[in-house]
file work-v3.cif (mmCIF, C-alpha atoms and all ligand atoms)
data_work
loop_
_atom_site.label_atom_id
_atom_site.label_comp_id
_atom_site.auth_asym_id
_atom_site.auth_seq_id
_atom_site.Cartn_x
_atom_site.Cartn_y
_atom_site.Cartn_z
CA MET A 70 105.95 250.99 159.74
CA ASN A 71 104.27 247.72 160.68
CA VAL A 72 106.55 244.72 161.18
CA TYR A 73 105.14 241.20 161.26
CA ALA A 74 107.76 239.12 163.08
CA ASP A 75 105.59 236.18 164.09
CA HIS A 76 105.83 233.78 161.15
CA ALA A 77 106.24 230.85 163.57
CA ALA A 78 102.66 231.49 164.72
CA THR A 79 101.32 231.66 161.19
CA THR A 80 102.23 233.00 157.77
CA PRO A 81 100.13 235.20 155.47
CA LEU A 82 98.42 233.39 152.60
CA ASP A 83 100.57 233.77 149.46
CA ALA A 84 98.61 235.54 146.69
CA ARG A 85 99.57 232.73 144.26
CA VAL A 86 98.15 230.17 146.67
CA LEU A 87 94.90 232.10 146.97
CA GLU A 88 94.64 232.26 143.18
CA ALA A 89 95.03 228.47 142.94
CA MET A 90 92.36 227.98 145.62
CA LEU A 91 89.66 230.34 144.38
CA PRO A 92 88.13 228.15 141.64
CA PHE A 93 87.59 225.40 144.25
CA LEU A 94 85.64 227.78 146.46
CA ARG A 95 83.45 228.94 143.58
CA GLU A 96 82.75 227.17 140.29
CA ARG A 97 84.48 223.88 141.25
CA PHE A 98 82.56 223.51 144.49
CA TYR A 99 81.70 219.84 143.97
CA ASN A 100 82.10 217.06 146.47
CA PRO A 101 85.16 215.09 145.35
CA SER A 102 83.35 211.81 146.11
CA SER A 103 80.51 212.60 143.68
CA LEU A 104 80.22 210.35 140.64
CA TYR A 105 79.78 212.98 137.94
CA ALA A 106 82.11 215.25 136.00
CA GLY A 107 82.30 218.06 138.58
CA GLY A 108 83.21 215.61 141.35
CA PHE A 109 85.81 213.89 139.17
CA THR A 110 87.49 217.25 138.40
CA VAL A 111 87.83 218.07 142.08
CA ARG A 112 89.03 214.53 142.92
CA ARG A 113 91.69 214.81 140.20
CA ALA A 114 92.90 218.17 141.58
CA ILE A 115 93.18 216.70 145.10
CA GLU A 116 95.15 213.73 143.82
CA GLU A 117 97.44 216.05 141.82
CA ALA A 118 98.16 218.03 145.00
CA ARG A 119 98.86 214.79 146.88
CA ALA A 120 101.22 213.59 144.11
CA LEU A 121 103.04 216.92 144.05
CA ILE A 122 103.58 216.87 147.82
CA ALA A 123 104.64 213.20 147.68
CA ALA A 124 107.27 214.06 145.05
CA TYR A 125 108.53 216.87 147.29
CA PHE A 126 108.93 214.47 150.23
CA GLY A 127 110.17 211.51 148.20
CA CYS A 128 107.36 209.20 149.32
CA ALA A 129 104.38 207.48 147.69
CA ALA A 130 101.20 209.55 147.26
CA GLY A 131 99.32 206.76 149.03
CA GLU A 132 101.37 207.39 152.18
CA LEU A 133 99.94 210.92 152.62
CA TYR A 134 96.65 211.70 154.38
CA PHE A 135 95.11 215.16 154.44
CA THR A 136 93.80 216.41 157.80
CA SER A 137 92.53 219.65 159.32
CA GLY A 138 96.02 220.76 160.46
CA GLY A 139 99.08 219.94 162.50
CA THR A 140 97.16 219.24 165.69
CA GLU A 141 94.91 216.67 164.05
CA SER A 142 97.84 215.03 162.25
CA VAL A 143 99.76 214.67 165.52
CA ASN A 144 96.69 213.26 167.31
CA LEU A 145 96.07 210.79 164.49
CA ALA A 146 99.73 209.72 164.45
CA VAL A 147 100.16 209.31 168.20
CA LEU A 148 96.73 208.01 169.21
CA GLY A 149 96.33 206.01 166.02
CA ALA A 150 99.72 204.28 166.20
CA VAL A 151 99.65 203.31 169.87
CA ARG A 152 96.04 202.12 169.77
CA ALA A 153 96.78 200.03 166.68
CA ALA A 154 99.76 198.46 168.50
CA GLY A 155 97.19 196.60 170.59
CA ARG A 156 99.03 196.66 173.91
CA LYS A 157 99.34 199.19 176.72
CA GLY A 158 102.94 200.07 176.01
CA ARG A 159 105.10 203.10 176.63
CA ILE A 160 105.29 206.36 174.67
CA VAL A 161 108.50 208.39 174.74
CA ILE A 162 108.36 212.11 173.95
CA GLY A 163 110.85 214.98 174.02
CA ALA A 164 110.72 217.56 176.84
CA THR A 165 110.17 220.44 174.42
CA GLU A 166 107.26 219.04 172.38
CA HIS A 167 104.35 221.21 171.29
CA HIS A 168 101.17 220.73 173.31
CA ALA A 169 99.70 218.83 170.34
CA VAL A 170 102.09 216.00 171.27
CA SER A 171 102.45 216.38 175.04
CA GLU A 172 98.70 216.73 175.71
CA THR A 173 97.96 213.76 173.44
CA ALA A 174 100.51 211.69 175.38
CA ARG A 175 98.90 212.84 178.62
CA ALA A 176 95.49 211.70 177.31
CA LEU A 177 97.00 208.28 176.56
CA GLU A 178 98.37 208.10 180.08
CA LYS A 179 94.75 208.24 181.29
CA GLU A 180 94.00 205.27 178.99
CA GLY A 181 96.67 203.23 180.80
CA PHE A 182 99.73 203.84 178.60
CA SER A 183 102.90 205.01 180.31
CA VAL A 184 104.72 208.12 179.13
CA ALA A 185 108.44 208.87 179.45
CA VAL A 186 109.79 212.36 178.81
CA VAL A 187 113.36 212.69 177.54
CA LEU A 188 115.05 215.81 178.90
CA CYS A 189 116.89 218.14 176.55
CA ASN A 190 120.38 219.51 177.11
CA ALA A 191 121.23 223.21 177.58
CA GLN A 192 121.21 223.66 173.79
CA GLY A 193 117.63 222.40 173.69
CA LEU A 194 118.65 219.13 172.01
CA ILE A 195 117.30 215.66 172.67
CA THR A 196 120.55 213.74 172.33
CA PRO A 197 120.76 210.19 170.98
CA GLU A 198 122.33 209.15 174.32
CA ALA A 199 119.40 210.58 176.31
CA LEU A 200 116.87 208.82 174.07
CA GLU A 201 118.77 205.54 174.29
CA GLN A 202 118.38 205.60 178.08
CA SER A 203 114.59 205.83 177.79
CA MET A 204 114.26 202.91 175.39
CA ASP A 205 113.21 199.42 176.38
CA ASP A 206 110.99 196.72 174.93
CA ARG A 207 107.82 198.34 176.31
CA VAL A 208 108.20 201.38 174.02
CA VAL A 209 105.71 201.41 171.13
CA LEU A 210 106.19 204.97 169.91
CA VAL A 211 108.75 207.78 170.14
CA SER A 212 107.69 211.30 169.20
CA VAL A 213 110.30 214.05 168.91
CA MET A 214 109.67 217.26 167.00
CA TRP A 215 111.86 218.11 164.04
CA ALA A 216 112.14 221.81 164.97
CA ASN A 217 110.92 223.65 168.04
CA ASN A 218 108.23 226.32 167.78
CA GLU A 219 109.68 228.57 170.49
CA THR A 220 113.39 228.47 169.77
CA GLY A 221 113.60 227.13 166.20
CA ILE A 222 116.14 224.53 167.41
CA ILE A 223 116.41 221.54 165.05
CA GLN A 224 116.63 218.06 166.54
CA PRO A 225 118.93 215.26 165.27
CA VAL A 226 115.89 213.44 163.88
CA ALA A 227 117.77 210.92 161.72
CA GLN A 228 119.80 209.63 164.68
CA LEU A 229 116.80 209.56 167.01
CA CYS A 230 114.80 207.71 164.39
CA ASN A 231 117.53 205.08 163.93
CA ILE A 232 117.73 204.40 167.67
CA THR A 233 113.96 204.06 167.88
CA ARG A 234 113.75 201.62 164.98
CA ARG A 235 116.61 199.56 166.38
CA HIS A 236 114.41 199.03 169.45
CA GLY A 237 111.48 197.98 167.27
CA ALA A 238 109.31 201.03 168.06
CA LEU A 239 107.67 203.54 165.70
CA PHE A 240 109.10 207.04 165.27
CA HIS A 241 106.85 210.07 164.77
CA THR A 242 108.10 213.58 164.19
CA ASP A 243 106.12 216.81 164.41
CA ALA A 244 107.54 218.67 161.41
CA VAL A 245 105.09 221.59 161.54
CA GLN A 246 107.86 224.18 162.07
CA ALA A 247 110.53 222.32 160.09
CA LEU A 248 108.62 222.03 156.83
CA GLY A 249 109.24 225.59 155.64
CA SER A 250 112.90 225.69 156.41
CA ARG A 251 114.55 222.48 155.32
CA ARG A 252 114.53 219.79 152.71
CA ILE A 253 112.58 216.88 154.16
CA ARG A 254 113.25 213.67 152.22
CA LEU A 255 111.34 210.68 153.49
CA ASP A 256 113.34 208.39 151.20
CA GLU A 257 116.46 209.39 153.16
CA ILE A 258 115.17 209.59 156.73
CA PRO A 259 113.17 206.50 157.71
CA VAL A 260 110.60 208.14 160.04
CA ASP A 261 107.41 206.09 160.29
CA LEU A 262 105.07 209.01 160.82
CA LEU A 263 105.39 212.73 160.12
CA SER A 264 102.95 215.58 160.76
CA CYS A 265 102.88 218.97 159.09
CA SER A 266 100.60 221.93 158.51
CA SER A 267 99.83 224.24 155.61
CA HIS A 268 99.52 227.59 157.38
CA LYS A 269 103.20 227.74 158.39
CA ILE A 270 104.29 227.76 154.72
CA TYR A 271 102.02 230.50 153.31
CA GLY A 272 99.15 228.09 152.69
CA PRO A 273 95.63 228.20 154.17
CA LYS A 274 94.82 227.47 157.80
CA GLY A 275 92.90 224.33 158.72
CA CYS A 276 94.80 221.95 156.46
CA GLY A 277 97.49 219.48 157.42
CA LEU A 278 99.09 216.27 156.37
CA LEU A 279 100.07 213.01 157.99
CA PHE A 280 102.68 210.77 156.38
CA VAL A 281 102.29 207.08 157.29
CA ARG A 282 105.11 204.90 156.00
CA GLY A 283 104.22 201.77 154.01
CA ASN A 284 102.06 199.39 155.96
CA THR A 285 102.45 201.02 159.38
CA GLN A 286 99.23 200.27 161.25
CA ILE A 287 97.19 203.29 162.34
CA ALA A 288 93.72 203.29 163.89
CA PRO A 289 91.36 206.14 162.91
CA ILE A 290 90.62 208.60 165.71
CA PHE A 291 87.18 209.51 164.46
CA HIS A 292 84.73 207.55 162.43
CA GLY A 293 82.71 208.42 159.37
CA GLY A 294 82.96 208.05 155.61
CA GLN A 295 85.54 206.28 153.52
CA GLN A 296 87.62 209.32 152.64
CA GLU A 297 91.40 209.17 152.95
CA LYS A 298 91.32 205.39 152.74
CA ARG A 299 89.00 205.24 155.77
CA LEU A 300 91.67 206.72 158.01
CA ARG A 301 90.11 210.16 158.09
CA GLY A 302 86.43 210.24 157.25
CA GLY A 303 84.65 213.48 156.33
CA THR A 304 84.30 215.50 153.13
CA GLU A 305 87.70 216.81 152.09
CA ASN A 306 88.45 220.54 151.94
CA PRO A 307 89.51 220.74 148.27
CA ALA A 308 90.38 224.45 148.20
CA ALA A 309 92.65 224.10 151.23
CA ILE A 310 94.30 220.92 149.90
CA ILE A 311 94.94 222.53 146.52
CA GLY A 312 96.29 225.61 148.34
CA PHE A 313 98.60 223.40 150.42
CA GLY A 314 99.86 221.77 147.21
CA LYS A 315 100.56 225.18 145.66
CA ALA A 316 102.33 226.32 148.83
CA VAL A 317 104.60 223.25 148.66
CA GLU A 318 105.30 223.89 144.96
CA LEU A 319 106.38 227.46 145.80
CA LEU A 320 108.43 226.22 148.74
CA GLU A 321 110.30 223.85 146.45
CA ALA A 322 111.11 226.67 144.03
CA GLU A 323 112.00 229.30 146.63
CA ARG A 324 113.21 227.46 149.73
CA GLU A 325 116.91 228.27 149.39
CA ASP A 326 116.25 231.96 148.64
CA ARG A 327 113.89 232.17 151.62
CA ARG A 328 116.46 230.51 153.88
CA THR A 329 119.23 232.88 152.81
CA LEU A 330 117.07 235.97 153.23
CA GLN A 331 115.67 234.94 156.61
CA LYS A 332 119.14 234.08 157.90
CA THR A 333 120.48 237.47 156.80
CA ILE A 334 117.59 239.31 158.43
CA ALA A 335 117.90 237.43 161.73
CA ARG A 336 121.66 238.09 161.82
CA HIS A 337 121.10 241.79 161.04
CA PHE A 338 118.49 242.05 163.81
CA LEU A 339 120.69 240.22 166.34
CA LYS A 340 123.69 242.45 165.67
CA ARG A 341 121.59 245.45 166.63
CA ILE A 342 120.11 244.12 169.83
CA LEU A 343 122.73 241.87 171.41
CA ASP A 344 124.25 244.84 173.29
CA ILE A 345 121.10 245.26 175.37
CA PRO A 346 122.37 244.52 178.91
CA GLY A 347 120.99 241.29 180.40
CA ILE A 348 119.88 239.80 177.07
CA LEU A 349 120.25 236.08 176.32
CA TYR A 350 120.02 234.64 172.80
CA ASN A 351 118.49 231.23 173.35
CA SER A 352 119.56 229.47 170.17
CA PRO A 353 123.05 230.56 169.12
CA GLN A 354 123.89 227.21 167.48
CA ASP A 355 123.85 226.70 163.71
CA SER A 356 120.97 224.25 163.57
CA VAL A 357 118.11 226.70 163.98
CA ILE A 358 115.25 227.59 161.64
CA PRO A 359 116.43 230.59 159.59
CA GLY A 360 114.66 233.76 160.71
CA PHE A 361 114.01 232.58 164.29
CA VAL A 362 115.31 234.71 167.17
CA SER A 363 114.37 233.61 170.68
CA LEU A 364 115.49 235.99 173.43
CA SER A 365 115.21 236.13 177.21
CA ILE A 366 115.73 239.52 178.80
CA ALA A 367 116.41 240.17 182.49
CA GLY A 368 114.35 242.77 184.33
CA VAL A 369 111.30 242.86 182.00
CA GLU A 370 108.12 240.81 181.64
CA SER A 371 107.03 239.35 178.30
CA GLU A 372 103.47 240.66 178.36
CA PRO A 373 104.17 244.41 178.70
CA LEU A 374 107.16 243.97 176.40
CA LEU A 375 104.95 242.55 173.63
CA PHE A 376 102.23 245.12 174.29
CA HIS A 377 104.65 248.05 173.91
CA LEU A 378 106.33 246.46 170.88
CA GLY A 379 102.85 246.19 169.37
CA MET A 380 102.27 249.90 170.09
CA GLN A 381 105.41 250.61 168.04
CA GLY A 382 104.08 248.49 165.17
CA VAL A 383 106.08 245.32 165.88
CA ASP A 384 104.18 242.03 166.10
CA ALA A 385 106.27 239.45 167.97
CA SER A 386 105.37 236.63 170.30
CA MET A 387 106.04 235.23 173.72
CA GLY A 388 108.18 232.19 174.42
CA ALA A 389 105.42 231.02 176.72
CA ALA A 390 101.91 229.66 176.64
CA CYS A 391 99.04 231.86 177.71
CA HIS A 392 96.13 230.06 179.35
CA SER A 393 93.08 231.87 180.74
CA GLN A 394 94.97 235.12 181.20
CA VAL A 395 97.67 233.44 183.29
CA ILE A 396 101.12 233.83 181.77
CA GLU A 397 103.21 230.75 182.41
CA PRO A 398 106.99 230.98 181.95
CA SER A 399 108.09 228.91 178.97
CA PHE A 400 108.52 225.20 179.78
CA VAL A 401 110.80 224.89 176.75
CA LEU A 402 113.24 227.54 177.98
CA ARG A 403 112.97 226.19 181.50
CA ALA A 404 113.87 222.71 180.21
CA MET A 405 116.95 224.29 178.58
CA GLY A 406 117.98 225.81 181.91
CA VAL A 407 117.43 229.48 180.99
CA PRO A 408 117.86 231.33 184.32
CA GLU A 409 114.72 232.35 186.23
CA SER A 410 116.05 235.95 186.22
CA HIS A 411 115.55 236.04 182.43
CA ILE A 412 112.82 233.57 181.62
CA ARG A 413 109.85 235.85 182.34
CA GLY A 414 111.17 238.34 179.79
CA SER A 415 111.17 235.94 176.86
CA VAL A 416 110.23 237.02 173.36
CA ARG A 417 110.34 235.32 169.98
CA PHE A 418 110.87 237.15 166.68
CA SER A 419 110.33 235.03 163.59
CA TYR A 420 110.98 236.61 160.20
CA GLY A 421 109.54 235.31 156.95
CA LYS A 422 110.10 235.26 153.20
CA ASP A 423 108.79 238.79 152.69
CA SER A 424 110.54 240.38 155.70
CA THR A 425 113.05 243.16 155.01
CA LEU A 426 116.22 244.55 156.58
CA ASP A 427 114.36 247.84 157.22
CA GLU A 428 111.78 245.90 159.19
CA ALA A 429 114.50 244.22 161.23
CA ASP A 430 116.02 247.67 161.93
CA HIS A 431 112.65 248.99 163.05
CA ALA A 432 112.05 245.96 165.29
CA ALA A 433 115.54 246.29 166.83
CA LYS A 434 115.05 249.99 167.58
CA ALA A 435 111.63 249.29 169.08
CA LEU A 436 113.02 246.49 171.27
CA ILE A 437 115.89 248.66 172.57
CA SER A 438 113.51 251.53 173.33
CA VAL A 439 110.81 249.36 174.98
CA VAL A 440 113.27 247.46 177.19
CA GLY A 441 114.80 250.79 178.29
CA LYS A 442 111.37 252.26 179.09
CA LEU A 443 110.14 249.20 180.98
CA ARG A 444 113.30 248.98 183.07
CA LYS A 445 113.11 252.71 183.86
CA HIS A 446 109.46 252.29 184.87
CA ILE A 447 110.30 249.34 187.17
CA TYR A 448 113.26 251.28 188.65
CA GLU A 449 111.13 254.39 189.32
CA ASN A 450 108.06 252.54 190.58
CA GLY A 451 109.76 249.67 192.39
N1 LIG B 1 103.28 221.51 166.26
C1 LIG B 1 104.05 222.61 166.24
C2 LIG B 1 105.53 222.49 166.46
C3 LIG B 1 103.48 223.86 166.01
O1 LIG B 1 104.24 224.95 166.00
C4 LIG B 1 102.08 223.94 165.80
C5 LIG B 1 101.41 225.25 165.60
O2 LIG B 1 101.84 226.26 166.10
C6 LIG B 1 101.32 222.76 165.80
C7 LIG B 1 101.97 221.56 166.04
C8 LIG B 1 99.84 222.77 165.55
O3 LIG B 1 99.58 222.99 164.17
P1 LIG B 1 98.14 223.54 163.70
O4 LIG B 1 98.10 224.98 164.09
O5 LIG B 1 98.13 223.37 162.21
O6 LIG B 1 97.12 222.72 164.38
#

call {"tool": "encode", "arguments": {"input": "work-v3.cif", "output": "structure tokens"}}
result
Amino acid sequence: MNVYADHAATTPLDARVLEAMLPFLRERFYNPSSLYAGGFTVRRAIEEARALIAAYFGCAAGELYFTSGGTESVNLAVLGAVRAAGRKGRIVIGATEHHAVSETARALEKEGFSVAVVLCNAQGLITPEALEQSMDDRVVLVSVMWANNETGIIQPVAQLCNITRRHGALFHTDAVQALGSRRIRLDEIPVDLLSCSSHKIYGPKGCGLLFVRGNTQIAPIFHGGQQEKRLRGGTENPAAIIGFGKAVELLEAEREDRRTLQKTIARHFLKRILDIPGILYNSPQDSVIPGFVSLSIAGVESEPLLFHLGMQGVDASMGAACHSQVIEPSFVLRAMGVPESHIRGSVRFSYGKDSTLDEADHAAKALISVVGKLRKHIYENG
């Protein structure tokens, strides 16, 4: 049996999404800016996808800009908003942000902006009190992710957004992981900027979206044609945009069923593995993306753990970044205070809409067996 338990990394393309995309890769290949019938057809399909996604979010279609993915959306939001502010102010980010945000903030630091990082508590939360302490009249932008990619922990975005706006700054949220798991209504939560990505919701890779509220000023980050109201020049990727629209339509129809199933599977999996001695479940609170299970296990290392899980047909992921073959312990788990004795044995299982209880059983058995083997090996070989 092969078990894919890495939906936080990416999701498989839904067959219904592929079907919606195919005509725009073949017979409807036209450039949407072309002034003849073929171009108009493609333009109309793009605008229909935009309108459908806008209805899902409860915003105006004109507030949505298509990009090449979550990373580009975040860069456009953060760089674009602070550069448009016209002064070298301060950017405030959460301690557990994805590199798309933290590296962009670091780049701005080199341009003369100052960056403040708000620490999270032991539950991985950026609390309103902690954010309040970082706010002053120099702050131009706050960026806190809606849900974390390692732990699935959901931040109190509405409260953080209200504090930010009270101080007259803009609020951006990276909703790449949150999109698939919760109802995001932009008419209820007054975020100024929101980034998301298609490939985490069974849509194609290389397609993302930036929401820019009303007349929030944003400077483009690269220059070119007049597409996307001059904010994001370059020929659109119609097939991907139409696929993203279809993925959102399916999400709307199936979100609650997916949530229920993923929650059940994660609970089933947890019940089977929580007796492993020295295991820590990193996100026991309620506000976690359904299907996410982040674990830290004493006495094992993530890399051999994942390798041996893979040998048993279980694809999971590390709670840590891997750069040039050097495995760094997770900064997210470290920020949460996960003990050093456990942090190097961190692993993330993320189940999806097509996962099954049998798969969770198989993954649990594999984890128990691999942890036992690795500990025995360490014991025997020192
Ligand atoms: N932000 C978060 C929280 C993510 O999990 C990811 C992808 O893993 C990204 C941003 C980047 O998105 P993309 O892969 O579409 O560039």

call {"tool": "atom_distance", "arguments": {"input": "work-v3.cif", "atom1": "CA of Val213 in chain A", "atom2": "CA of Phe126 in chain A"}}
result
18.7 Å

call {"tool": "atom_distance", "arguments": {"input": "work-v3.cif", "atom1": "CA of Glu318 in chain A", "atom2": "CA of Thr79 in chain A"}}
result
18.4 Å

call {"tool": "closest_residue", "arguments": {"input": "work-v3.cif", "among": "A:Ala199, A:Met214, A:Val111, A:Val187", "to": "ligand LIG 1 (chain B)", "atoms": "only C-alpha atoms and all ligand atoms"}}
result
A:Met214

call {"tool": "closest_residue", "arguments": {"input": "work-v3.cif", "among": "A:Ala84, A:Val209, A:Ala432, A:Val245", "to": "Arg341 in chain A", "atoms": "only C-alpha atoms"}}
result
A:Ala432

call {"tool": "closest_atom_pairs", "arguments": {"input": "work-v3.cif", "of": "chain A", "to": "ligand LIG 1 (chain B)", "cutoff": "9 Å", "atoms": "all atoms listed in the file", "output": "Markdown table"}}
result
| residue | atom | partner | partner_atom | distance |
| --- | --- | --- | --- | --- |
| A:Ala77 | CA | B:LIG1 | O1 | 6.7 |
| A:Ala78 | CA | B:LIG1 | O2 | 5.5 |
| A:Thr79 | CA | B:LIG1 | O2 | 7.3 |
| A:Ser137 | CA | B:LIG1 | O5 | 7.3 |
| A:Gly138 | CA | B:LIG1 | O5 | 3.8 |
| A:Gly139 | CA | B:LIG1 | O3 | 3.5 |
| A:Thr140 | CA | B:LIG1 | O6 | 3.7 |
| A:Glu141 | CA | B:LIG1 | O6 | 6.4 |
| A:Ser142 | CA | B:LIG1 | O6 | 8.0 |
| A:Val143 | CA | B:LIG1 | C7 | 7.3 |
| A:Glu166 | CA | B:LIG1 | C2 | 7.1 |
| A:His167 | CA | B:LIG1 | C2 | 5.1 |
| A:His168 | CA | B:LIG1 | C7 | 7.4 |
| A:Ala169 | CA | B:LIG1 | C7 | 5.6 |
| A:Val170 | CA | B:LIG1 | N1 | 7.5 |
| A:Met214 | CA | B:LIG1 | C2 | 6.7 |
| A:Trp215 | CA | B:LIG1 | C2 | 8.1 |
| A:Ala216 | CA | B:LIG1 | C2 | 6.8 |
| A:Asn217 | CA | B:LIG1 | C2 | 5.7 |
| A:Asn218 | CA | B:LIG1 | O1 | 4.6 |
| A:Glu219 | CA | B:LIG1 | O1 | 7.9 |
| A:Asp243 | CA | B:LIG1 | N1 | 5.8 |
| A:Ala244 | CA | B:LIG1 | C2 | 6.6 |
| A:Val245 | CA | B:LIG1 | C1 | 4.9 |
| A:Gln246 | CA | B:LIG1 | C2 | 5.2 |
| A:Ala247 | CA | B:LIG1 | C2 | 8.1 |
| A:Ser264 | CA | B:LIG1 | C7 | 8.0 |
| A:Cys265 | CA | B:LIG1 | O5 | 7.2 |
| A:Ser266 | CA | B:LIG1 | O5 | 4.7 |
| A:Ser267 | CA | B:LIG1 | O5 | 6.9 |
| A:His268 | CA | B:LIG1 | O5 | 6.6 |
| A:Lys269 | CA | B:LIG1 | O5 | 7.7 |
| A:Lys274 | CA | B:LIG1 | O5 | 6.9 |
| A:Gly275 | CA | B:LIG1 | O5 | 6.4 |
| A:Cys276 | CA | B:LIG1 | O5 | 6.8 |
| A:Gly277 | CA | B:LIG1 | O5 | 6.2 |

call {"tool": "write_last_selection", "arguments": {"input": "work-v3.cif", "atoms": "C-alpha atoms", "output": "PDB file, in the frame of the given file"}}
result
ATOM      1  CA  ALA A  77     106.240 230.850 163.570  1.00  0.00           C
ATOM      2  CA  ALA A  78     102.660 231.490 164.720  1.00  0.00           C
ATOM      3  CA  THR A  79     101.320 231.660 161.190  1.00  0.00           C
ATOM      4  CA  SER A 137      92.530 219.650 159.320  1.00  0.00           C
ATOM      5  CA  GLY A 138      96.020 220.760 160.460  1.00  0.00           C
ATOM      6  CA  GLY A 139      99.080 219.940 162.500  1.00  0.00           C
ATOM      7  CA  THR A 140      97.160 219.240 165.690  1.00  0.00           C
ATOM      8  CA  GLU A 141      94.910 216.670 164.050  1.00  0.00           C
ATOM      9  CA  SER A 142      97.840 215.030 162.250  1.00  0.00           C
ATOM     10  CA  VAL A 143      99.760 214.670 165.520  1.00  0.00           C
ATOM     11  CA  GLU A 166     107.260 219.040 172.380  1.00  0.00           C
ATOM     12  CA  HIS A 167     104.350 221.210 171.290  1.00  0.00           C
ATOM     13  CA  HIS A 168     101.170 220.730 173.310  1.00  0.00           C
ATOM     14  CA  ALA A 169      99.700 218.830 170.340  1.00  0.00           C
ATOM     15  CA  VAL A 170     102.090 216.000 171.270  1.00  0.00           C
ATOM     16  CA  MET A 214     109.670 217.260 167.000  1.00  0.00           C
ATOM     17  CA  TRP A 215     111.860 218.110 164.040  1.00  0.00           C
ATOM     18  CA  ALA A 216     112.140 221.810 164.970  1.00  0.00           C
ATOM     19  CA  ASN A 217     110.920 223.650 168.040  1.00  0.00           C
ATOM     20  CA  ASN A 218     108.230 226.320 167.780  1.00  0.00           C
ATOM     21  CA  GLU A 219     109.680 228.570 170.490  1.00  0.00           C
ATOM     22  CA  ASP A 243     106.120 216.810 164.410  1.00  0.00           C
ATOM     23  CA  ALA A 244     107.540 218.670 161.410  1.00  0.00           C
ATOM     24  CA  VAL A 245     105.090 221.590 161.540  1.00  0.00           C
ATOM     25  CA  GLN A 246     107.860 224.180 162.070  1.00  0.00           C
ATOM     26  CA  ALA A 247     110.530 222.320 160.090  1.00  0.00           C
ATOM     27  CA  SER A 264     102.950 215.580 160.760  1.00  0.00           C
ATOM     28  CA  CYS A 265     102.880 218.970 159.090  1.00  0.00           C
ATOM     29  CA  SER A 266     100.600 221.930 158.510  1.00  0.00           C
ATOM     30  CA  SER A 267      99.830 224.240 155.610  1.00  0.00           C
ATOM     31  CA  HIS A 268      99.520 227.590 157.380  1.00  0.00           C
ATOM     32  CA  LYS A 269     103.200 227.740 158.390  1.00  0.00           C
ATOM     33  CA  LYS A 274      94.820 227.470 157.800  1.00  0.00           C
ATOM     34  CA  GLY A 275      92.900 224.330 158.720  1.00  0.00           C
ATOM     35  CA  CYS A 276      94.800 221.950 156.460  1.00  0.00           C
ATOM     36  CA  GLY A 277      97.490 219.480 157.420  1.00  0.00           C
TER      37      GLY A 277
END

call {"tool": "residues_around", "arguments": {"input": "work-v3.cif", "residues": "range 423-428 of chain A", "least_positions_apart": "4", "cutoff": "9 Å", "atoms": "all atoms listed in the file", "output": "ChimeraX atom specification"}}
result
/A:70-74,327,330-331,333-335,337-338,383,432-433

call {"tool": "closest_residue", "arguments": {"input": "work-v3.cif", "among": "A:Val161, A:Leu177, A:Leu82, A:Leu133", "to": "Glu297 in chain A", "atoms": "only C-alpha atoms"}}
result
A:Leu133

call {"tool": "atom_distance", "arguments": {"input": "work-v3.cif", "atom1": "CA of Thr233 in chain A", "atom2": "CA of Leu200 in chain A"}}
result
8.3 Å

call {"tool": "closest_residue", "arguments": {"input": "work-v3.cif", "among": "A:Gln354, A:Thr304, A:Ser212, A:Thr196", "to": "Phe135 in chain A", "atoms": "all atoms listed in the file"}}
result
A:Thr304

call {"tool": "residues_near_point", "arguments": {"input": "work-v3.cif", "point": "(92.5, 226.4, 152.8)", "cutoff": "12 Å", "atoms": "all atoms listed in the file", "output": "VMD selection string"}}
result
chain A and resid 81 to 83 86 to 91 93 to 94 135 to 138 266 to 268 271 to 277 305 to 316

call {"tool": "axis_aligned_box", "arguments": {"input": "work-v3.cif", "around": "range 438-449 of chain A", "padding_each_side": "5 Å", "output": "JSON"}}
result
{"center_x": 112.1, "center_y": 250.9, "center_z": 181.3, "size_x": 15.3, "size_y": 16.9, "size_z": 26.0}

call {"tool": "closest_atom_pairs", "arguments": {"input": "work-v3.cif", "of": "range 208-257 of chain A", "to": "range 147-158 of chain A", "cutoff": "9 Å", "atoms": "all atoms listed in the file", "output": "CSV"}}
result
residue,atom,partner,partner_atom,distance
A:Val208,CA,A:Gly158,CA,5.8
A:Val209,CA,A:Gly158,CA,5.8
A:Leu210,CA,A:Val151,CA,6.7
A:Val211,CA,A:Val147,CA,8.9
A:Ser212,CA,A:Val147,CA,7.9
A:Leu239,CA,A:Ala150,CA,8.0
A:His241,CA,A:Val147,CA,7.6
